[in-house]
file structure-v7.cif (mmCIF, C-alpha atoms)
data_query
loop_
_atom_site.group_PDB
_atom_site.id
_atom_site.type_symbol
_atom_site.label_atom_id
_atom_site.label_comp_id
_atom_site.auth_asym_id
_atom_site.auth_seq_id
_atom_site.Cartn_x
_atom_site.Cartn_y
_atom_site.Cartn_z
ATOM 1 C CA MET D 1 -17.363 139.432 27.724
ATOM 2 C CA SER D 2 -14.466 137.131 27.699
ATOM 3 C CA ASP D 3 -14.756 133.478 28.709
ATOM 4 C CA SER D 4 -13.241 132.490 31.938
ATOM 5 C CA PRO D 5 -10.349 129.994 31.963
ATOM 6 C CA GLU D 6 -12.527 127.461 33.735
ATOM 7 C CA SER D 7 -15.133 127.547 31.028
ATOM 8 C CA THR D 8 -12.552 127.217 28.313
ATOM 9 C CA SER D 9 -10.992 124.210 29.997
ATOM 10 C CA ASP D 10 -14.359 122.495 30.301
ATOM 11 C CA ASP D 11 -15.057 122.934 26.629
ATOM 12 C CA ALA D 12 -11.696 121.515 25.668
ATOM 13 C CA GLY D 13 -12.257 118.501 27.870
ATOM 14 C CA SER D 14 -15.685 117.991 26.391
ATOM 15 C CA ARG D 15 -14.163 117.917 22.943
ATOM 16 C CA ARG D 16 -11.423 115.377 23.944
ATOM 17 C CA TRP D 17 -13.731 112.719 25.359
ATOM 18 C CA PRO D 18 -15.313 111.845 22.071
ATOM 19 C CA LEU D 19 -11.852 111.503 20.564
ATOM 20 C CA ILE D 20 -10.646 109.291 23.417
ATOM 21 C CA ALA D 21 -13.782 107.208 23.203
ATOM 22 C CA GLY D 22 -13.269 106.742 19.483
ATOM 23 C CA VAL D 23 -9.699 105.624 20.011
ATOM 24 C CA LEU D 24 -10.765 103.173 22.689
ATOM 25 C CA ILE D 25 -13.482 101.784 20.463
ATOM 26 C CA ALA D 26 -10.971 101.379 17.650
ATOM 27 C CA ILE D 27 -8.511 99.614 19.924
ATOM 28 C CA GLY D 28 -11.284 97.322 21.229
ATOM 29 C CA ALA D 29 -12.355 96.504 17.708
ATOM 30 C CA LEU D 30 -8.749 95.686 16.792
ATOM 31 C CA VAL D 31 -8.397 93.399 19.812
ATOM 32 C CA ILE D 32 -11.640 91.605 18.974
ATOM 33 C CA ALA D 33 -10.547 91.189 15.380
ATOM 34 C CA LEU D 34 -7.224 89.691 16.464
ATOM 35 C CA VAL D 35 -8.956 87.293 18.835
ATOM 36 C CA LEU D 36 -11.380 86.212 16.174
ATOM 37 C CA PHE D 37 -8.591 85.803 13.628
ATOM 38 C CA THR D 38 -6.467 83.805 16.040
ATOM 39 C CA GLY D 39 -9.417 81.542 17.021
ATOM 40 C CA GLY D 40 -10.172 80.889 13.368
ATOM 41 C CA ASP D 41 -6.591 79.732 12.818
ATOM 42 C CA ASP D 42 -6.880 77.292 15.770
ATOM 43 C CA ASP D 43 -10.036 75.823 14.336
ATOM 44 C CA THR D 44 -8.420 75.520 10.955
ATOM 45 C CA GLU D 45 -5.379 73.868 12.443
ATOM 46 C CA SER D 46 -7.614 71.555 14.485
ATOM 47 C CA ALA D 47 -9.617 70.679 11.424
ATOM 48 C CA ALA D 48 -6.434 70.146 9.472
ATOM 49 C CA THR D 49 -5.001 68.028 12.232
ATOM 50 C CA THR D 50 -8.165 65.946 12.327
ATOM 51 C CA ASP D 51 -8.076 65.493 8.577
ATOM 52 C CA VAL D 52 -4.439 64.443 8.629
ATOM 53 C CA ALA D 53 -4.991 61.995 11.461
ATOM 54 C CA THR D 54 -7.953 60.510 9.705
ATOM 55 C CA THR D 55 -6.019 60.257 6.469
ATOM 56 C CA ASP D 56 -3.073 58.605 8.218
ATOM 57 C CA LEU D 57 -5.297 56.041 9.935
ATOM 58 C CA ALA D 58 -7.196 55.069 6.837
ATOM 59 C CA PRO D 59 -4.371 53.021 5.246
ATOM 60 C CA THR D 60 -3.536 51.548 8.649
ATOM 61 C CA SER D 61 -7.087 50.279 9.030
ATOM 62 C CA THR D 62 -6.732 48.330 5.779
ATOM 63 C CA GLU D 63 -3.584 46.532 6.962
ATOM 64 C CA PRO D 64 -5.404 43.921 9.093
ATOM 65 C CA ALA D 65 -7.507 42.976 6.077
ATOM 66 C CA VAL D 66 -4.369 42.269 4.080
ATOM 67 C CA ALA D 67 -2.738 40.527 7.005
ATOM 68 C CA THR D 68 -5.711 38.250 7.641
ATOM 69 C CA THR D 69 -5.701 37.008 4.054
ATOM 70 C CA GLN D 70 -2.053 36.018 4.139
ATOM 71 C CA PRO D 71 -2.289 33.166 6.705
ATOM 72 C CA VAL D 72 -5.137 31.615 4.741
ATOM 73 C CA ALA D 73 -2.948 31.404 1.685
ATOM 74 C CA SER D 74 -0.008 30.078 3.693
ATOM 75 C CA THR D 75 -2.043 27.192 5.129
ATOM 76 C CA ASP D 76 -2.476 25.779 1.639
ATOM 77 C CA ALA D 77 1.209 24.810 1.435
ATOM 78 C CA PRO D 78 1.107 22.080 4.124
ATOM 79 C CA VAL D 79 -2.002 20.594 2.555
ATOM 80 C CA GLU D 80 -0.193 20.168 -0.745
ATOM 81 C CA THR D 81 2.705 18.326 0.907
ATOM 82 C CA THR D 82 0.491 16.009 2.965
ATOM 83 C CA PRO D 83 0.576 13.115 0.427
ATOM 84 C CA ASP D 84 4.362 13.053 0.722
ATOM 85 C CA THR D 85 4.292 12.830 4.502
ATOM 86 C CA VAL D 86 1.645 10.135 4.714
ATOM 87 C CA ALA D 87 3.125 7.867 2.086
ATOM 88 C CA PRO D 88 2.783 4.218 3.087
ATOM 89 C CA GLU D 89 5.686 2.726 4.995
ATOM 90 C CA PRO D 90 7.737 0.040 3.189
ATOM 91 C CA THR D 91 6.633 -2.619 5.675
ATOM 92 C CA THR D 92 8.100 -5.464 3.641
ATOM 93 C CA THR D 93 11.633 -4.228 4.335
ATOM 94 C CA ASP D 94 11.944 -6.386 7.449
ATOM 95 C CA ALA D 95 9.886 -9.282 6.096
ATOM 96 C CA PRO D 96 11.732 -12.543 5.363
ATOM 97 C CA ASP D 97 10.513 -12.609 1.761
ATOM 98 C CA THR D 98 11.372 -9.111 0.607
ATOM 99 C CA ASP D 99 13.232 -10.450 -2.443
ATOM 100 C CA PRO D 100 10.841 -10.224 -5.428
ATOM 101 C CA ASP D 101 12.156 -13.587 -6.650
ATOM 102 C CA GLU D 102 11.233 -15.196 -3.347
ATOM 103 C CA ILE D 103 7.752 -13.690 -3.472
ATOM 104 C CA ALA D 104 7.206 -14.964 -7.017
ATOM 105 C CA ALA D 105 8.579 -18.409 -6.172
ATOM 106 C CA ARG D 106 6.072 -18.922 -3.357
ATOM 107 C CA ASP D 107 3.672 -20.296 -5.981
ATOM 108 C CA ALA D 108 6.049 -23.189 -6.649
ATOM 109 C CA ILE D 109 6.185 -26.538 -4.875
ATOM 110 C CA TRP D 110 9.704 -27.378 -6.024
ATOM 111 C CA PRO D 111 12.505 -26.536 -5.469
ATOM 112 C CA TRP D 112 12.122 -25.028 -2.042
ATOM 113 C CA VAL D 113 12.808 -21.301 -2.079
ATOM 114 C CA GLU D 114 15.205 -21.590 0.878
ATOM 115 C CA SER D 115 17.356 -24.178 -0.884
ATOM 116 C CA PRO D 116 20.205 -23.296 -3.277
ATOM 117 C CA THR D 117 18.825 -25.693 -5.911
ATOM 118 C CA ARG D 118 17.846 -24.052 -9.194
ATOM 119 C CA PHE D 119 17.116 -25.515 -12.622
ATOM 120 C CA THR D 120 18.081 -23.967 -15.935
ATOM 121 C CA ASP D 121 16.225 -26.673 -17.882
ATOM 122 C CA PRO D 122 12.491 -27.483 -17.473
ATOM 123 C CA ILE D 123 13.037 -31.219 -18.002
ATOM 124 C CA ASP D 124 15.619 -31.309 -15.214
ATOM 125 C CA ALA D 125 13.183 -29.534 -12.910
ATOM 126 C CA ALA D 126 10.389 -32.019 -13.697
ATOM 127 C CA GLU D 127 12.652 -35.036 -13.276
ATOM 128 C CA SER D 128 14.024 -33.822 -9.939
ATOM 129 C CA PHE D 129 10.491 -33.194 -8.700
ATOM 130 C CA ALA D 130 9.387 -36.689 -9.735
ATOM 131 C CA ILE D 131 12.312 -38.425 -8.050
ATOM 132 C CA ASP D 132 13.275 -36.228 -5.095
ATOM 133 C CA TYR D 133 9.847 -34.917 -4.106
ATOM 134 C CA ILE D 134 7.229 -37.450 -5.205
ATOM 135 C CA GLY D 135 9.375 -40.569 -4.943
ATOM 136 C CA PHE D 136 9.429 -42.040 -8.446
ATOM 137 C CA SER D 137 12.302 -44.473 -9.035
ATOM 138 C CA ASP D 138 14.034 -44.237 -12.422
ATOM 139 C CA PRO D 139 11.093 -42.628 -14.218
ATOM 140 C CA VAL D 140 10.686 -42.133 -17.950
ATOM 141 C CA VAL D 141 10.721 -38.415 -18.599
ATOM 142 C CA GLY D 142 9.109 -36.965 -21.733
ATOM 143 C CA GLU D 143 9.846 -33.871 -23.754
ATOM 144 C CA PHE D 144 9.105 -30.332 -22.654
ATOM 145 C CA GLN D 145 5.860 -29.055 -24.146
ATOM 146 C CA ALA D 146 5.706 -25.260 -24.062
ATOM 147 C CA GLY D 147 2.511 -23.506 -23.060
ATOM 148 C CA ASP D 148 3.920 -20.003 -23.571
ATOM 149 C CA ASN D 149 7.387 -18.468 -23.613
ATOM 150 C CA ARG D 150 7.860 -18.993 -19.857
ATOM 151 C CA SER D 151 5.821 -22.091 -18.983
ATOM 152 C CA GLY D 152 4.907 -25.575 -20.088
ATOM 153 C CA GLU D 153 4.643 -29.194 -18.953
ATOM 154 C CA VAL D 154 6.656 -32.379 -18.851
ATOM 155 C CA GLU D 155 5.154 -35.884 -18.716
ATOM 156 C CA VAL D 156 6.673 -38.421 -16.329
ATOM 157 C CA ARG D 157 5.900 -42.151 -16.232
ATOM 158 C CA ALA D 158 6.971 -44.894 -13.847
ATOM 159 C CA GLY D 159 8.075 -47.211 -16.684
ATOM 160 C CA ASP D 160 7.745 -47.853 -20.358
ATOM 161 C CA VAL D 161 4.038 -48.455 -19.897
ATOM 162 C CA GLY D 162 1.477 -47.068 -17.500
ATOM 163 C CA PRO D 163 -0.225 -43.745 -16.812
ATOM 164 C CA TRP D 164 1.509 -40.410 -17.245
ATOM 165 C CA THR D 165 1.901 -37.850 -14.504
ATOM 166 C CA VAL D 166 1.950 -34.341 -15.984
ATOM 167 C CA VAL D 167 4.339 -31.948 -14.206
ATOM 168 C CA PHE D 168 3.683 -28.216 -14.700
ATOM 169 C CA VAL D 169 6.777 -25.990 -14.829
ATOM 170 C CA ARG D 170 7.293 -22.261 -15.139
ATOM 171 C CA GLN D 171 10.006 -19.615 -15.046
ATOM 172 C CA LEU D 172 9.049 -17.490 -12.048
ATOM 173 C CA THR D 173 12.186 -15.542 -11.217
ATOM 174 C CA ALA D 174 14.485 -13.021 -12.866
ATOM 175 C CA ASP D 175 17.253 -15.604 -13.353
ATOM 176 C CA ASP D 176 14.902 -17.582 -15.677
ATOM 177 C CA SER D 177 15.227 -20.722 -13.575
ATOM 178 C CA TRP D 178 12.442 -23.320 -13.761
ATOM 179 C CA TRP D 179 10.020 -24.131 -10.944
ATOM 180 C CA VAL D 180 7.370 -26.825 -10.479
ATOM 181 C CA LEU D 181 3.864 -25.507 -9.818
ATOM 182 C CA GLY D 182 2.178 -28.892 -9.370
ATOM 183 C CA ALA D 183 1.259 -32.156 -11.027
ATOM 184 C CA VAL D 184 -1.882 -33.964 -12.173
ATOM 185 C CA SER D 185 -2.711 -37.522 -13.170
ATOM 186 C CA GLU D 186 -5.562 -38.764 -15.305
ATOM 187 C CA ASN D 187 -6.535 -41.219 -12.571
ATOM 188 C CA ILE D 188 -6.278 -38.891 -9.541
ATOM 189 C CA ALA D 189 -8.287 -35.659 -9.445
ATOM 190 C CA VAL D 190 -8.542 -33.331 -6.430
ATOM 191 C CA ASP D 191 -11.604 -31.096 -6.016
ATOM 192 C CA GLU D 192 -10.970 -29.841 -2.494
ATOM 193 C CA PRO D 193 -8.848 -28.000 -1.466
ATOM 194 C CA GLU D 194 -8.036 -25.948 -4.547
ATOM 195 C CA GLN D 195 -4.674 -24.771 -5.842
ATOM 196 C CA GLY D 196 -3.318 -21.969 -3.623
ATOM 197 C CA ASP D 197 -5.837 -22.384 -0.787
ATOM 198 C CA VAL D 198 -4.873 -21.492 2.778
ATOM 199 C CA VAL D 199 -5.659 -24.514 4.969
ATOM 200 C CA GLU D 200 -5.765 -25.450 8.624
ATOM 201 C CA SER D 201 -6.584 -28.515 10.666
ATOM 202 C CA PRO D 202 -9.006 -30.228 10.338
ATOM 203 C CA LEU D 203 -8.846 -30.195 6.528
ATOM 204 C CA ASP D 204 -11.576 -31.554 4.268
ATOM 205 C CA ILE D 205 -10.328 -33.222 1.107
ATOM 206 C CA SER D 206 -12.351 -34.648 -1.762
ATOM 207 C CA GLY D 207 -12.007 -35.731 -5.368
ATOM 208 C CA SER D 208 -12.064 -38.867 -7.442
ATOM 209 C CA ALA D 209 -9.526 -41.602 -8.167
ATOM 210 C CA SER D 210 -8.930 -44.943 -9.812
ATOM 211 C CA ALA D 211 -6.215 -47.157 -8.313
ATOM 212 C CA PHE D 212 -5.484 -50.707 -7.269
ATOM 213 C CA GLU D 213 -8.283 -51.579 -4.860
ATOM 214 C CA GLY D 214 -9.151 -47.882 -4.964
ATOM 215 C CA ALA D 215 -6.471 -47.001 -2.387
ATOM 216 C CA VAL D 216 -4.634 -43.691 -2.813
ATOM 217 C CA ASP D 217 -2.020 -42.453 -0.350
ATOM 218 C CA VAL D 218 -2.490 -38.937 1.019
ATOM 219 C CA GLU D 219 0.482 -36.873 2.190
ATOM 220 C CA LEU D 220 0.606 -33.322 3.486
ATOM 221 C CA ARG D 221 3.979 -31.649 2.981
ATOM 222 C CA ALA D 222 5.452 -28.405 4.318
ATOM 223 C CA ASP D 223 8.171 -26.467 2.516
ATOM 224 C CA GLY D 224 11.663 -27.349 3.645
ATOM 225 C CA ASN D 225 10.490 -30.527 5.422
ATOM 226 C CA GLY D 226 11.725 -33.794 3.940
ATOM 227 C CA GLU D 227 9.124 -35.779 5.856
ATOM 228 C CA PRO D 228 5.338 -35.437 5.419
ATOM 229 C CA ILE D 229 3.491 -33.835 8.337
ATOM 230 C CA TYR D 230 0.510 -36.097 7.620
ATOM 231 C CA VAL D 231 0.240 -39.563 6.016
ATOM 232 C CA GLY D 232 -3.051 -41.395 5.366
ATOM 233 C CA PHE D 233 -5.152 -42.687 2.506
ATOM 234 C CA VAL D 234 -8.498 -42.351 0.788
ATOM 235 C CA THR D 235 -10.467 -44.890 -1.211
ATOM 236 C CA GLY D 236 -11.721 -44.131 -4.684
ATOM 237 C CA SER D 237 -12.529 -46.731 -7.345
ATOM 238 C CA GLY D 238 -10.776 -49.998 -8.196
ATOM 239 C CA ALA D 239 -12.300 -49.869 -11.670
ATOM 240 C CA PRO D 240 -10.815 -48.071 -14.677
ATOM 241 C CA GLU D 241 -13.245 -45.206 -14.105
ATOM 242 C CA ARG D 242 -12.538 -42.825 -11.241
ATOM 243 C CA GLY D 243 -14.710 -43.035 -8.160
ATOM 244 C CA PRO D 244 -15.326 -40.303 -5.585
ATOM 245 C CA PHE D 245 -13.455 -40.032 -2.327
ATOM 246 C CA SER D 246 -13.619 -37.679 0.653
ATOM 247 C CA ASP D 247 -12.038 -37.439 4.072
ATOM 248 C CA THR D 248 -11.235 -35.040 6.889
ATOM 249 C CA ILE D 249 -7.648 -35.069 8.046
ATOM 250 C CA GLU D 250 -6.100 -33.598 11.170
ATOM 251 C CA PHE D 251 -2.530 -32.421 11.454
ATOM 252 C CA THR D 252 -0.250 -30.244 13.514
ATOM 253 C CA SER D 253 0.262 -26.971 11.698
ATOM 254 C CA PRO D 254 3.878 -26.237 10.727
ATOM 255 C CA GLY D 255 3.160 -22.514 11.015
ATOM 256 C CA VAL D 256 2.528 -19.934 8.353
ATOM 257 C CA GLY D 257 4.119 -20.971 5.083
ATOM 258 C CA GLY D 258 3.707 -23.008 1.933
ATOM 259 C CA GLY D 259 3.327 -26.697 1.302
ATOM 260 C CA ALA D 260 1.575 -29.251 -0.886
ATOM 261 C CA LEU D 261 -1.166 -31.857 -0.797
ATOM 262 C CA VAL D 262 0.151 -34.976 -2.555
ATOM 263 C CA LEU D 263 -1.919 -37.995 -3.598
ATOM 264 C CA ILE D 264 -0.029 -41.071 -4.791
ATOM 265 C CA SER D 265 -1.089 -44.321 -6.450
ATOM 266 C CA ARG D 266 1.359 -47.166 -5.735
ATOM 267 C CA SER D 267 2.188 -50.488 -7.364
ATOM 268 C CA PRO D 268 0.790 -53.548 -5.555
ATOM 269 C CA GLU D 269 3.992 -55.425 -6.441
ATOM 270 C CA ASP D 270 6.733 -53.264 -4.877
ATOM 271 C CA ASP D 271 4.886 -50.246 -3.466
ATOM 272 C CA SER D 272 6.646 -47.964 -5.949
ATOM 273 C CA VAL D 273 4.995 -44.808 -7.197
ATOM 274 C CA VAL D 274 2.819 -45.339 -10.267
ATOM 275 C CA GLU D 275 1.313 -41.869 -10.625
ATOM 276 C CA ALA D 276 0.609 -38.805 -8.519
ATOM 277 C CA SER D 277 -1.186 -35.492 -8.245
ATOM 278 C CA ALA D 278 0.170 -32.561 -6.225
ATOM 279 C CA LEU D 279 -1.226 -29.085 -5.631
ATOM 280 C CA ARG D 280 0.151 -26.005 -3.915
ATOM 281 C CA ILE D 281 -1.397 -24.959 -0.602
ATOM 282 C CA PHE D 282 -0.529 -22.575 2.221
ATOM 283 C CA PHE D 283 -0.842 -23.067 5.953
ATOM 284 C CA GLY D 284 -2.731 -20.409 7.886
#

call {"tool": "encode", "arguments": {"input": "structure-v7.cif", "output": "C-alpha cells"}}
result
Amino acid sequence: MSDSPESTSDDAGSRRWPLIAGVLIAIGALVIALVLFTGGDDDTESAATTDVATTDLAPTSTEPAVATTQPVASTDAPVETTPDTVAPEPTTTDAPDTDPDEIAARDAIWPWVESPTRFTDPIDAAESFAIDYIGFSDPVVGEFQAGDNRSGEVEVRAGDVGPWTVVFVRQLTADDSWWVLGAVSENIAVDEPEQGDVVESPLDISGSASAFEGAVDVELRADGNGEPIYVGFVTGSGAPERGPFSDTIEFTSPGVGGGALVLISRSPEDDSVVEASALRIFFG
C-alpha cells in the first residue's frame, strides 16, 4: 500500500529539523567564538594600553627626583661668592689721614705732619727740634749716631759745657725724610705717662729730676699749636742725684690728635733752656 502524500511530507519535515537545528547550533557556536575572540582582543589591548601608560609614567616619576637635586647644587654658588660681597669697606678713604706717610708720621713730635717742613738730614731735624720746638738758643749739636739704617740719635747741648739732651730721629715716610720721635735727658726722667699713651684731663704725671732748686717746667703741647695748652712745674731734687716728682694737671682738651709732654730745666741766670725731655702722647 502506497504512502499518502501527507505521510511523506511529514517524514521529510522530520528529517529537515535535525539539519536545521545543526545549522543553527553551528551558527550560534560561530557567533560565540567571534564574541569571545573579540573580547580577548579588547582585554589584550587594555592590558597593552595599561602597560604602555605605566611604562610612559615611570620615567616621568623620576623627573622630580632629578629636579629636586638641581636647586641644592645651585645654592652652593652664592655661598662661594659671599666672601667677595662682605669684604670690609675701605673706611679710611674719607679719613683725614688716609696717606700712609701721614699715618706713619703720627708717631713723630716734629715736624708737624700738617706743615710742609721736611728734613733730609737727621742733624738738621734734631737742631730744628731743639731750637724751634723746645726753645734752645744757639745750641751745640753733635754728630748723628745711627741705631739702624733708618734711625738714630743726635745729642744737643745748651753750650760748650753742661748736660746733653738726646734727640731721637727716624725716617718714617717713603720720601726718607727725618722725624723726631722724642728726647731724653740724664737729669729728667718721666715714668708716667708713657710714650704713645692716650691722655685726658686730669692727667697724672710722675718721674724724677735734678735741676736748680729742683724746679722743672712742665708743658703740654698739641700738634700744630705754637703755644702750650698747659704750663706748670714740678719739683724734683736740687742735688746732683734725681729726686722723685709727681703731680696731677688739668687742661682743656684740644680734641683728638697728637701732642707731647715736655719737661724743661732752665738756667737760673737767664731762664734759657739747659736740658729737656719730651715724649709723644695722644689726646683722647

call {"tool": "closest_atom_pairs", "arguments": {"input": "structure-v7.cif", "of": "region 191-217 of chain D", "to": "region 229-244 of chain D", "cutoff": "6 Å", "atoms": "all atoms listed in the file", "output": "JSON lines"}}
result
{"residue": "D:Gly207", "atom": "CA", "partner": "D:Pro244", "partner_atom": "CA", "distance": 5.7}
{"residue": "D:Ser208", "atom": "CA", "partner": "D:Pro244", "partner_atom": "CA", "distance": 4.0}
{"residue": "D:Ala209", "atom": "CA", "partner": "D:Arg242", "partner_atom": "CA", "distance": 4.5}
{"residue": "D:Ser210", "atom": "CA", "partner": "D:Arg242", "partner_atom": "CA", "distance": 4.4}
{"residue": "D:Ala211", "atom": "CA", "partner": "D:Gly238", "partner_atom": "CA", "distance": 5.4}
{"residue": "D:Phe212", "atom": "CA", "partner": "D:Gly238", "partner_atom": "CA", "distance": 5.4}
{"residue": "D:Glu213", "atom": "CA", "partner": "D:Gly238", "partner_atom": "CA", "distance": 4.5}
{"residue": "D:Gly214", "atom": "CA", "partner": "D:Gly238", "partner_atom": "CA", "distance": 4.2}
{"residue": "D:Ala215", "atom": "CA", "partner": "D:Thr235", "partner_atom": "CA", "distance": 4.7}
{"residue": "D:Val216", "atom": "CA", "partner": "D:Phe233", "partner_atom": "CA", "distance": 5.4}
{"residue": "D:Asp217", "atom": "CA", "partner": "D:Phe233", "partner_atom": "CA", "distance": 4.2}

call {"tool": "resolve_selection", "arguments": {"input": "structure-v7.cif", "expression": "the PyMOL selection byres ((chain D and resi 126) around 8)", "output": "list of chain:residue names"}}
result
D:Pro122, D:Ile123, D:Asp124, D:Ala125, D:Glu127, D:Ser128, D:Phe129, D:Ala130, D:Val154, D:Val156, D:Val167, D:Phe168, D:Val169, D:Val180

call {"tool": "atom_distance", "arguments": {"input": "structure-v7.cif", "atom1": "CA of Thr248 (chain D)", "atom2": "CA of Ser265 (chain D)"}}
result
19.2 Å

call {"tool": "atom_distance", "arguments": {"input": "structure-v7.cif", "atom1": "CA of Ser115 (chain D)", "atom2": "CA of Ile103 (chain D)"}}
result
14.5 Å

call {"tool": "closest_residue", "arguments": {"input": "structure-v7.cif", "among": "D:Gly196, D:Gly255, D:Pro268, D:Pro228", "to": "Ile109 (chain D)", "atoms": "all atoms listed in the file"}}
result
D:Gly196

call {"tool": "atom_distance", "arguments": {"input": "structure-v7.cif", "atom1": "CA of Ile281 (chain D)", "atom2": "CA of Glu219 (chain D)"}}
result
12.4 Å

call {"tool": "closest_residue", "arguments": {"input": "structure-v7.cif", "among": "D:Gln171, D:Ser246, D:Ser201, D:Ser277", "to": "Ile264 (chain D)", "atoms": "all atoms listed in the file"}}
result
D:Ser277

call {"tool": "axis_aligned_box", "arguments": {"input": "structure-v7.cif", "around": "region 97-106 of chain D", "padding_each_side": "3 Å", "output": "lines of an AutoDock Vina configuration file"}}
result
center_x = 9.7
center_y = -14.0
center_z = -2.6
size_x = 13.2
size_y = 15.8
size_z = 14.8

call {"tool": "resolve_selection", "arguments": {"input": "structure-v7.cif", "expression": "the PyMOL selection byres ((chain D and resi 107) around 8)", "output": "ChimeraX atom specification"}}
result
/D:104-106,108-109,181,196,280

call {"tool": "resolve_selection", "arguments": {"input": "structure-v7.cif", "expression": "the PyMOL selection byres ((chain D and resi 278) around 8)", "output": "PDB file with C-alpha atoms, in the frame of the given file"}}
result
ATOM      1  CA  GLY D 182       2.178 -28.892  -9.370  1.00  0.00           C
ATOM      2  CA  ALA D 183       1.259 -32.156 -11.027  1.00  0.00           C
ATOM      3  CA  VAL D 184      -1.882 -33.964 -12.173  1.00  0.00           C
ATOM      4  CA  ALA D 260       1.575 -29.251  -0.886  1.00  0.00           C
ATOM      5  CA  LEU D 261      -1.166 -31.857  -0.797  1.00  0.00           C
ATOM      6  CA  VAL D 262       0.151 -34.976  -2.555  1.00  0.00           C
ATOM      7  CA  LEU D 263      -1.919 -37.995  -3.598  1.00  0.00           C
ATOM      8  CA  ALA D 276       0.609 -38.805  -8.519  1.00  0.00           C
ATOM      9  CA  SER D 277      -1.186 -35.492  -8.245  1.00  0.00           C
ATOM     10  CA  LEU D 279      -1.226 -29.085  -5.631  1.00  0.00           C
ATOM     11  CA  ARG D 280       0.151 -26.005  -3.915  1.00  0.00           C
TER      12      ARG D 280
END

call {"tool": "residues_around", "arguments": {"input": "structure-v7.cif", "residues": "Asp138 (chain D)", "least_positions_apart": "2", "cutoff": "9 Å", "atoms": "only C-alpha atoms", "output": "short mmCIF file (atom, residue, chain, number, x, y, z; two decimals) with C-alpha atoms, keeping the file's coordinate frame"}}
result
data_model
loop_
_atom_site.label_atom_id
_atom_site.label_comp_id
_atom_site.auth_asym_id
_atom_site.auth_seq_id
_atom_site.Cartn_x
_atom_site.Cartn_y
_atom_site.Cartn_z
CA ILE D 131 12.31 -38.42 -8.05
CA PHE D 136 9.43 -42.04 -8.45
CA VAL D 140 10.69 -42.13 -17.95
CA ALA D 158 6.97 -44.89 -13.85
CA GLY D 159 8.07 -47.21 -16.68
#

call {"tool": "residues_around", "arguments": {"input": "structure-v7.cif", "residues": "Tyr133 (chain D)", "least_positions_apart": "5", "cutoff": "9 Å", "atoms": "all atoms listed in the file", "output": "NGL selection string"}}
result
:D and (110-111 or 128 or 226)

call {"tool": "write_last_selection", "arguments": {"input": "structure-v7.cif", "atoms": "C-alpha atoms", "output": "JSON list (two decimals), in the coordinates of the input"}}
result
[["chain", "number", "residue", "atom", "x", "y", "z"],
["D", 110, "TRP", "CA", 9.70, -27.38, -6.02],
["D", 111, "PRO", "CA", 12.50, -26.54, -5.47],
["D", 128, "SER", "CA", 14.02, -33.82, -9.94],
["D", 226, "GLY", "CA", 11.72, -33.79, 3.94]]

call {"tool": "build_atoms", "arguments": {"input": "structure-v7.cif", "residues": "region 262-275 of chain D", "atoms": "N, CA and C atoms", "output": "mmCIF file, keeping the file's coordinate frame"}}
result
data_model
loop_
_atom_site.group_PDB
_atom_site.id
_atom_site.type_symbol
_atom_site.label_atom_id
_atom_site.label_comp_id
_atom_site.auth_asym_id
_atom_site.auth_seq_id
_atom_site.Cartn_x
_atom_site.Cartn_y
_atom_site.Cartn_z
ATOM 1 N N VAL D 262 -0.330 -34.003 -1.579
ATOM 2 C CA VAL D 262 0.151 -34.976 -2.555
ATOM 3 C C VAL D 262 -0.660 -36.257 -2.435
ATOM 4 N N LEU D 263 -1.189 -36.730 -3.551
ATOM 5 C CA LEU D 263 -1.919 -37.995 -3.598
ATOM 6 C C LEU D 263 -1.190 -38.943 -4.544
ATOM 7 N N ILE D 264 -0.896 -40.151 -4.064
ATOM 8 C CA ILE D 264 -0.029 -41.071 -4.791
ATOM 9 C C ILE D 264 -0.710 -42.423 -4.951
ATOM 10 N N SER D 265 -0.658 -42.950 -6.171
ATOM 11 C CA SER D 265 -1.089 -44.321 -6.450
ATOM 12 C C SER D 265 0.163 -45.191 -6.541
ATOM 13 N N ARG D 266 0.169 -46.315 -5.808
ATOM 14 C CA ARG D 266 1.359 -47.166 -5.735
ATOM 15 C C ARG D 266 1.114 -48.542 -6.383
ATOM 16 N N SER D 267 2.245 -49.144 -6.758
ATOM 17 C CA SER D 267 2.188 -50.488 -7.364
ATOM 18 C C SER D 267 1.926 -51.533 -6.279
ATOM 19 N N PRO D 268 1.020 -52.483 -6.541
ATOM 20 C CA PRO D 268 0.790 -53.548 -5.555
ATOM 21 C C PRO D 268 1.971 -54.519 -5.466
ATOM 22 N N GLU D 269 2.875 -54.491 -6.421
ATOM 23 C CA GLU D 269 3.992 -55.425 -6.441
ATOM 24 C C GLU D 269 5.134 -54.985 -5.535
ATOM 25 N N ASP D 270 5.575 -53.721 -5.650
ATOM 26 C CA ASP D 270 6.733 -53.264 -4.877
ATOM 27 C C ASP D 270 6.485 -51.937 -4.153
ATOM 28 N N ASP D 271 5.265 -51.485 -4.160
ATOM 29 C CA ASP D 271 4.886 -50.246 -3.466
ATOM 30 C C ASP D 271 5.534 -49.010 -4.091
ATOM 31 N N SER D 272 6.041 -49.121 -5.294
ATOM 32 C CA SER D 272 6.646 -47.964 -5.949
ATOM 33 C C SER D 272 5.558 -47.028 -6.479
ATOM 34 N N VAL D 273 5.946 -45.811 -6.715
ATOM 35 C CA VAL D 273 4.995 -44.808 -7.197
ATOM 36 C C VAL D 273 4.625 -45.104 -8.650
ATOM 37 N N VAL D 274 3.320 -45.133 -8.913
ATOM 38 C CA VAL D 274 2.819 -45.339 -10.267
ATOM 39 C C VAL D 274 2.439 -43.999 -10.897
ATOM 40 N N GLU D 275 1.724 -43.197 -10.158
ATOM 41 C CA GLU D 275 1.313 -41.869 -10.625
ATOM 42 C C GLU D 275 0.974 -41.002 -9.416
#
